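upload39.txt, holding compact mmCIF, N, CA and C atoms:
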```
# COMPACT_ATOMS: atom_id res chain seq x y z
N MET A 1 -79.73 -116.39 -11.31
CA MET A 1 -80.35 -115.16 -10.92
C MET A 1 -81.00 -115.35 -9.54
N GLN A 2 -80.75 -114.42 -8.66
CA GLN A 2 -81.29 -114.50 -7.31
C GLN A 2 -82.36 -113.42 -7.12
N ILE A 3 -83.43 -113.81 -6.48
CA ILE A 3 -84.51 -112.87 -6.18
C ILE A 3 -84.57 -112.69 -4.68
N GLN A 4 -84.56 -111.43 -4.25
CA GLN A 4 -84.71 -111.14 -2.83
C GLN A 4 -85.98 -110.33 -2.64
N VAL A 5 -86.81 -110.80 -1.76
CA VAL A 5 -88.10 -110.15 -1.52
C VAL A 5 -88.33 -110.06 -0.02
N ASP A 6 -88.79 -108.91 0.41
CA ASP A 6 -89.19 -108.73 1.80
C ASP A 6 -90.72 -108.80 1.83
N SER A 7 -91.23 -109.97 2.19
CA SER A 7 -92.69 -110.19 2.19
C SER A 7 -93.41 -109.18 3.08
N GLY A 8 -92.81 -108.88 4.21
CA GLY A 8 -93.42 -107.90 5.11
C GLY A 8 -93.55 -106.54 4.47
N GLN A 9 -92.54 -106.16 3.69
CA GLN A 9 -92.58 -104.87 3.01
C GLN A 9 -93.67 -104.86 1.93
N LEU A 10 -93.83 -105.98 1.25
CA LEU A 10 -94.91 -106.06 0.25
C LEU A 10 -96.27 -105.87 0.91
N HIS A 11 -96.47 -106.53 2.05
CA HIS A 11 -97.74 -106.38 2.78
C HIS A 11 -97.91 -104.95 3.29
N SER A 12 -96.84 -104.37 3.80
CA SER A 12 -96.90 -103.00 4.31
C SER A 12 -97.25 -102.02 3.20
N THR A 13 -96.64 -102.20 2.04
CA THR A 13 -96.93 -101.33 0.91
C THR A 13 -98.37 -101.55 0.43
N GLY A 14 -98.82 -102.80 0.44
CA GLY A 14 -100.22 -103.09 0.10
C GLY A 14 -101.18 -102.39 1.04
N ASP A 15 -100.84 -102.38 2.34
CA ASP A 15 -101.66 -101.67 3.32
C ASP A 15 -101.68 -100.17 3.04
N SER A 16 -100.52 -99.63 2.65
CA SER A 16 -100.45 -98.20 2.31
C SER A 16 -101.37 -97.87 1.13
N PHE A 17 -101.35 -98.73 0.13
CA PHE A 17 -102.24 -98.52 -1.02
C PHE A 17 -103.70 -98.60 -0.58
N SER A 18 -104.03 -99.53 0.31
CA SER A 18 -105.41 -99.65 0.81
C SER A 18 -105.84 -98.38 1.54
N THR A 19 -104.93 -97.82 2.33
CA THR A 19 -105.22 -96.58 3.03
C THR A 19 -105.50 -95.45 2.05
N ILE A 20 -104.69 -95.39 0.99
CA ILE A 20 -104.89 -94.36 -0.03
C ILE A 20 -106.22 -94.55 -0.74
N VAL A 21 -106.60 -95.80 -0.99
CA VAL A 21 -107.91 -96.07 -1.61
C VAL A 21 -109.03 -95.52 -0.73
N SER A 22 -108.92 -95.73 0.57
CA SER A 22 -109.94 -95.20 1.49
C SER A 22 -109.98 -93.68 1.44
N GLU A 23 -108.80 -93.07 1.35
CA GLU A 23 -108.74 -91.61 1.25
C GLU A 23 -109.37 -91.13 -0.06
N ILE A 24 -109.10 -91.84 -1.14
CA ILE A 24 -109.68 -91.49 -2.44
C ILE A 24 -111.21 -91.59 -2.37
N GLU A 25 -111.70 -92.65 -1.72
CA GLU A 25 -113.16 -92.81 -1.57
C GLU A 25 -113.75 -91.64 -0.81
N GLY A 26 -113.07 -91.20 0.24
CA GLY A 26 -113.54 -90.04 1.01
C GLY A 26 -113.51 -88.77 0.18
N THR A 27 -112.46 -88.62 -0.62
CA THR A 27 -112.35 -87.45 -1.48
C THR A 27 -113.45 -87.45 -2.53
N ILE A 28 -113.71 -88.61 -3.13
CA ILE A 28 -114.78 -88.71 -4.13
C ILE A 28 -116.12 -88.34 -3.49
N SER A 29 -116.36 -88.81 -2.29
CA SER A 29 -117.61 -88.50 -1.60
C SER A 29 -117.74 -86.99 -1.35
N SER A 30 -116.65 -86.38 -0.90
CA SER A 30 -116.66 -84.93 -0.66
C SER A 30 -116.87 -84.15 -1.95
N LEU A 31 -116.21 -84.61 -3.01
CA LEU A 31 -116.37 -83.95 -4.31
C LEU A 31 -117.79 -84.11 -4.84
N ASN A 32 -118.38 -85.28 -4.63
CA ASN A 32 -119.78 -85.49 -5.04
C ASN A 32 -120.70 -84.49 -4.35
N SER A 33 -120.50 -84.34 -3.06
CA SER A 33 -121.32 -83.39 -2.29
C SER A 33 -121.13 -81.97 -2.81
N ALA A 34 -119.87 -81.60 -3.04
CA ALA A 34 -119.59 -80.25 -3.53
C ALA A 34 -120.18 -80.03 -4.92
N ALA A 35 -120.05 -81.04 -5.78
CA ALA A 35 -120.59 -80.92 -7.15
C ALA A 35 -122.10 -80.81 -7.12
N ASN A 36 -122.73 -81.60 -6.27
CA ASN A 36 -124.20 -81.54 -6.16
C ASN A 36 -124.66 -80.18 -5.63
N THR A 37 -123.94 -79.68 -4.64
CA THR A 37 -124.28 -78.37 -4.09
C THR A 37 -124.09 -77.28 -5.13
N ALA A 38 -122.96 -77.35 -5.85
CA ALA A 38 -122.66 -76.33 -6.86
C ALA A 38 -123.67 -76.33 -7.99
N SER A 39 -124.16 -77.50 -8.35
CA SER A 39 -125.05 -77.58 -9.52
C SER A 39 -126.54 -77.50 -9.19
N SER A 40 -126.87 -77.52 -7.91
CA SER A 40 -128.30 -77.44 -7.56
C SER A 40 -128.84 -76.05 -7.90
N GLY A 41 -129.95 -76.03 -8.56
CA GLY A 41 -130.55 -74.75 -8.93
C GLY A 41 -129.86 -74.06 -10.09
N TRP A 42 -128.95 -74.74 -10.73
CA TRP A 42 -128.18 -74.17 -11.84
C TRP A 42 -128.70 -74.79 -13.12
N SER A 43 -128.86 -74.02 -14.15
CA SER A 43 -129.32 -74.56 -15.42
C SER A 43 -128.60 -73.86 -16.57
N GLY A 44 -128.78 -74.40 -17.74
CA GLY A 44 -128.17 -73.79 -18.91
C GLY A 44 -126.99 -74.58 -19.42
N SER A 45 -126.35 -74.02 -20.44
CA SER A 45 -125.25 -74.74 -21.09
C SER A 45 -124.04 -74.89 -20.18
N SER A 46 -123.79 -73.91 -19.33
CA SER A 46 -122.65 -74.04 -18.42
C SER A 46 -122.88 -75.16 -17.41
N HIS A 47 -124.14 -75.36 -17.01
CA HIS A 47 -124.47 -76.46 -16.11
C HIS A 47 -124.24 -77.80 -16.80
N SER A 48 -124.65 -77.89 -18.04
CA SER A 48 -124.42 -79.13 -18.81
C SER A 48 -122.94 -79.40 -18.99
N ALA A 49 -122.17 -78.35 -19.27
CA ALA A 49 -120.72 -78.51 -19.44
C ALA A 49 -120.08 -78.96 -18.13
N PHE A 50 -120.53 -78.37 -17.03
CA PHE A 50 -120.02 -78.76 -15.72
C PHE A 50 -120.33 -80.22 -15.44
N ASN A 51 -121.56 -80.63 -15.69
CA ASN A 51 -121.96 -82.02 -15.45
C ASN A 51 -121.17 -82.99 -16.31
N ASP A 52 -120.93 -82.63 -17.57
CA ASP A 52 -120.13 -83.49 -18.45
C ASP A 52 -118.72 -83.64 -17.91
N LEU A 53 -118.13 -82.52 -17.50
CA LEU A 53 -116.77 -82.57 -16.97
C LEU A 53 -116.72 -83.36 -15.67
N TRP A 54 -117.70 -83.14 -14.80
CA TRP A 54 -117.74 -83.87 -13.54
C TRP A 54 -117.89 -85.36 -13.78
N THR A 55 -118.71 -85.75 -14.73
CA THR A 55 -118.90 -87.16 -15.05
C THR A 55 -117.58 -87.79 -15.49
N LYS A 56 -116.82 -87.08 -16.32
CA LYS A 56 -115.51 -87.59 -16.77
C LYS A 56 -114.54 -87.69 -15.60
N LEU A 57 -114.50 -86.66 -14.76
CA LEU A 57 -113.60 -86.67 -13.61
C LEU A 57 -113.97 -87.80 -12.66
N HIS A 58 -115.24 -87.97 -12.41
CA HIS A 58 -115.71 -89.02 -11.50
C HIS A 58 -115.31 -90.39 -12.01
N ALA A 59 -115.46 -90.61 -13.32
CA ALA A 59 -115.07 -91.89 -13.92
C ALA A 59 -113.57 -92.11 -13.79
N SER A 60 -112.79 -91.07 -13.99
CA SER A 60 -111.33 -91.19 -13.86
C SER A 60 -110.92 -91.49 -12.42
N LEU A 61 -111.57 -90.84 -11.48
CA LEU A 61 -111.27 -91.11 -10.07
C LEU A 61 -111.62 -92.55 -9.70
N ASN A 62 -112.71 -93.05 -10.23
CA ASN A 62 -113.08 -94.45 -9.97
C ASN A 62 -112.09 -95.42 -10.60
N LEU A 63 -111.58 -95.09 -11.79
CA LEU A 63 -110.54 -95.93 -12.40
C LEU A 63 -109.28 -95.94 -11.55
N LEU A 64 -108.90 -94.76 -11.04
CA LEU A 64 -107.74 -94.67 -10.16
C LEU A 64 -107.94 -95.52 -8.92
N LYS A 65 -109.11 -95.39 -8.31
CA LYS A 65 -109.43 -96.16 -7.10
C LYS A 65 -109.35 -97.66 -7.37
N THR A 66 -109.89 -98.10 -8.48
CA THR A 66 -109.86 -99.52 -8.83
C THR A 66 -108.44 -99.99 -9.07
N ALA A 67 -107.65 -99.20 -9.78
CA ALA A 67 -106.26 -99.57 -10.05
C ALA A 67 -105.46 -99.65 -8.75
N MET A 68 -105.66 -98.70 -7.86
CA MET A 68 -104.95 -98.71 -6.58
C MET A 68 -105.36 -99.93 -5.74
N ARG A 69 -106.65 -100.26 -5.76
CA ARG A 69 -107.13 -101.44 -5.03
C ARG A 69 -106.51 -102.71 -5.61
N ASP A 70 -106.40 -102.77 -6.95
CA ASP A 70 -105.79 -103.93 -7.60
C ASP A 70 -104.31 -104.06 -7.23
N VAL A 71 -103.60 -102.94 -7.22
CA VAL A 71 -102.18 -102.96 -6.84
C VAL A 71 -102.04 -103.45 -5.41
N SER A 72 -102.88 -102.95 -4.52
CA SER A 72 -102.85 -103.39 -3.12
C SER A 72 -103.04 -104.89 -3.02
N GLY A 73 -104.05 -105.40 -3.69
CA GLY A 73 -104.31 -106.84 -3.65
C GLY A 73 -103.16 -107.65 -4.22
N ASN A 74 -102.59 -107.17 -5.32
CA ASN A 74 -101.46 -107.88 -5.93
C ASN A 74 -100.24 -107.88 -5.02
N LEU A 75 -100.00 -106.78 -4.33
CA LEU A 75 -98.87 -106.74 -3.39
C LEU A 75 -99.07 -107.74 -2.26
N HIS A 76 -100.29 -107.80 -1.73
CA HIS A 76 -100.57 -108.77 -0.66
C HIS A 76 -100.44 -110.20 -1.17
N THR A 77 -100.95 -110.46 -2.36
CA THR A 77 -100.85 -111.80 -2.94
C THR A 77 -99.39 -112.19 -3.14
N ALA A 78 -98.60 -111.27 -3.66
CA ALA A 78 -97.17 -111.55 -3.88
C ALA A 78 -96.46 -111.78 -2.55
N GLY A 79 -96.76 -110.95 -1.56
CA GLY A 79 -96.12 -111.12 -0.25
C GLY A 79 -96.43 -112.47 0.36
N THR A 80 -97.67 -112.89 0.27
CA THR A 80 -98.06 -114.20 0.79
C THR A 80 -97.39 -115.32 0.01
N ALA A 81 -97.36 -115.20 -1.31
CA ALA A 81 -96.75 -116.24 -2.14
C ALA A 81 -95.26 -116.39 -1.85
N TYR A 82 -94.55 -115.27 -1.77
CA TYR A 82 -93.12 -115.34 -1.48
C TYR A 82 -92.86 -115.91 -0.09
N SER A 83 -93.66 -115.49 0.88
CA SER A 83 -93.49 -116.00 2.24
C SER A 83 -93.75 -117.49 2.30
N THR A 84 -94.80 -117.95 1.66
CA THR A 84 -95.13 -119.38 1.63
C THR A 84 -94.01 -120.17 0.96
N THR A 85 -93.52 -119.66 -0.15
CA THR A 85 -92.43 -120.34 -0.87
C THR A 85 -91.18 -120.44 0.00
N GLU A 86 -90.83 -119.35 0.65
CA GLU A 86 -89.66 -119.36 1.53
C GLU A 86 -89.83 -120.36 2.66
N ASN A 87 -91.02 -120.39 3.25
CA ASN A 87 -91.28 -121.34 4.34
C ASN A 87 -91.19 -122.78 3.85
N ASN A 88 -91.72 -123.05 2.67
CA ASN A 88 -91.66 -124.40 2.10
C ASN A 88 -90.22 -124.81 1.81
N ILE A 89 -89.42 -123.88 1.30
CA ILE A 89 -88.01 -124.18 1.03
C ILE A 89 -87.28 -124.47 2.33
N ALA A 90 -87.56 -123.66 3.35
CA ALA A 90 -86.91 -123.86 4.65
C ALA A 90 -87.29 -125.21 5.24
N LYS A 91 -88.55 -125.60 5.13
CA LYS A 91 -89.00 -126.90 5.65
C LYS A 91 -88.36 -128.05 4.89
N SER A 92 -88.23 -127.91 3.59
CA SER A 92 -87.67 -129.01 2.80
C SER A 92 -86.16 -129.15 3.00
N ALA A 93 -85.52 -128.10 3.47
CA ALA A 93 -84.08 -128.15 3.70
C ALA A 93 -83.74 -128.84 5.01
N LYS A 94 -84.72 -129.09 5.84
CA LYS A 94 -84.47 -129.72 7.15
C LYS A 94 -84.37 -131.21 7.02
```
For the file at hand, write its structure as structure tokens.
Amino acid sequence: MQIQVDSGQLHSTGDSFSTIVSEIEGTISSLNSAANTASSGWSGSSHSAFNDLWTKLHASLNLLKTAMRDVSGNLHTAGTAYSTTENNIAKSAK
């Protein structure tokens, strides 16, 4: 079985995931501001329901952000490992 890997592509894709994580962080920040603005001065059961829903959404967004950051790191780790292995094989063949 032969494995072909483009280490540069793994790093590039990892960078893309990192960029998306930054965008998600910005979106979460904007949503926090909007949620705080929307709920300021608001009371009652609808306010509680909104806060409960926002708390769940915020937790889900943070899970997504963490998962995306993990994927980015894993792609970079894999790219480095494959590149190192290829370089070691090339050196040993000389």
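Among the candidates A:Ile20, A:Ile89, A:Met1, A:Leu31, the residue lying nearest to Met68 of chain A is A:Ile20 (atoms considered: all atoms listed in the file).
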Can you build me a table of segment 18-59 of chain A residues sitting at most 10 Å from segment 71-87 of chain A, with the closest atom pair per residue and its distance in Å to one decimal, using only C-alpha atoms, sorted by chain and residue number, as JSON lines?
```
{"residue": "A:Ser18", "atom": "CA", "partner": "A:Ser72", "partner_atom": "CA", "distance": 6.0}
{"residue": "A:Thr19", "atom": "CA", "partner": "A:Ser72", "partner_atom": "CA", "distance": 9.5}
{"residue": "A:Ile20", "atom": "CA", "partner": "A:Ser72", "partner_atom": "CA", "distance": 9.8}
{"residue": "A:Val21", "atom": "CA", "partner": "A:Ser72", "partner_atom": "CA", "distance": 9.0}
```
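Note that atom C of Phe17 of chain A and atom CA of Thr66 of chain A are 10.3 Å apart.
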task: Kindly give the distance, in Å, that separates atom CA of Thr55 of chain A and atom CA of Asp15 of chain A, rounded to a single decimal.
output: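 It comes out at 29.1 Å.
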field: atom CA of Leu63 of chain A to atom N of Ser48 of chain A, straight-line distance in Å
entry: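 Computing the Euclidean distance for atom N of Ser48 of chain A and atom CA of Leu63 of chain A yields 23.6 Å.
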I'd like the box whose edges run along x, y and z of the file and which contains every listed atom of segment 31-48 of chain A, padded by 6 Å per side; could you state its centre and edge lengths in Å, one decimal, as lines of an AutoDock Vina configuration file?
```
center_x = -123.4
center_y = -79.6
center_z = -11.7
size_x = 26.3
size_y = 23.7
size_z = 30.8
```
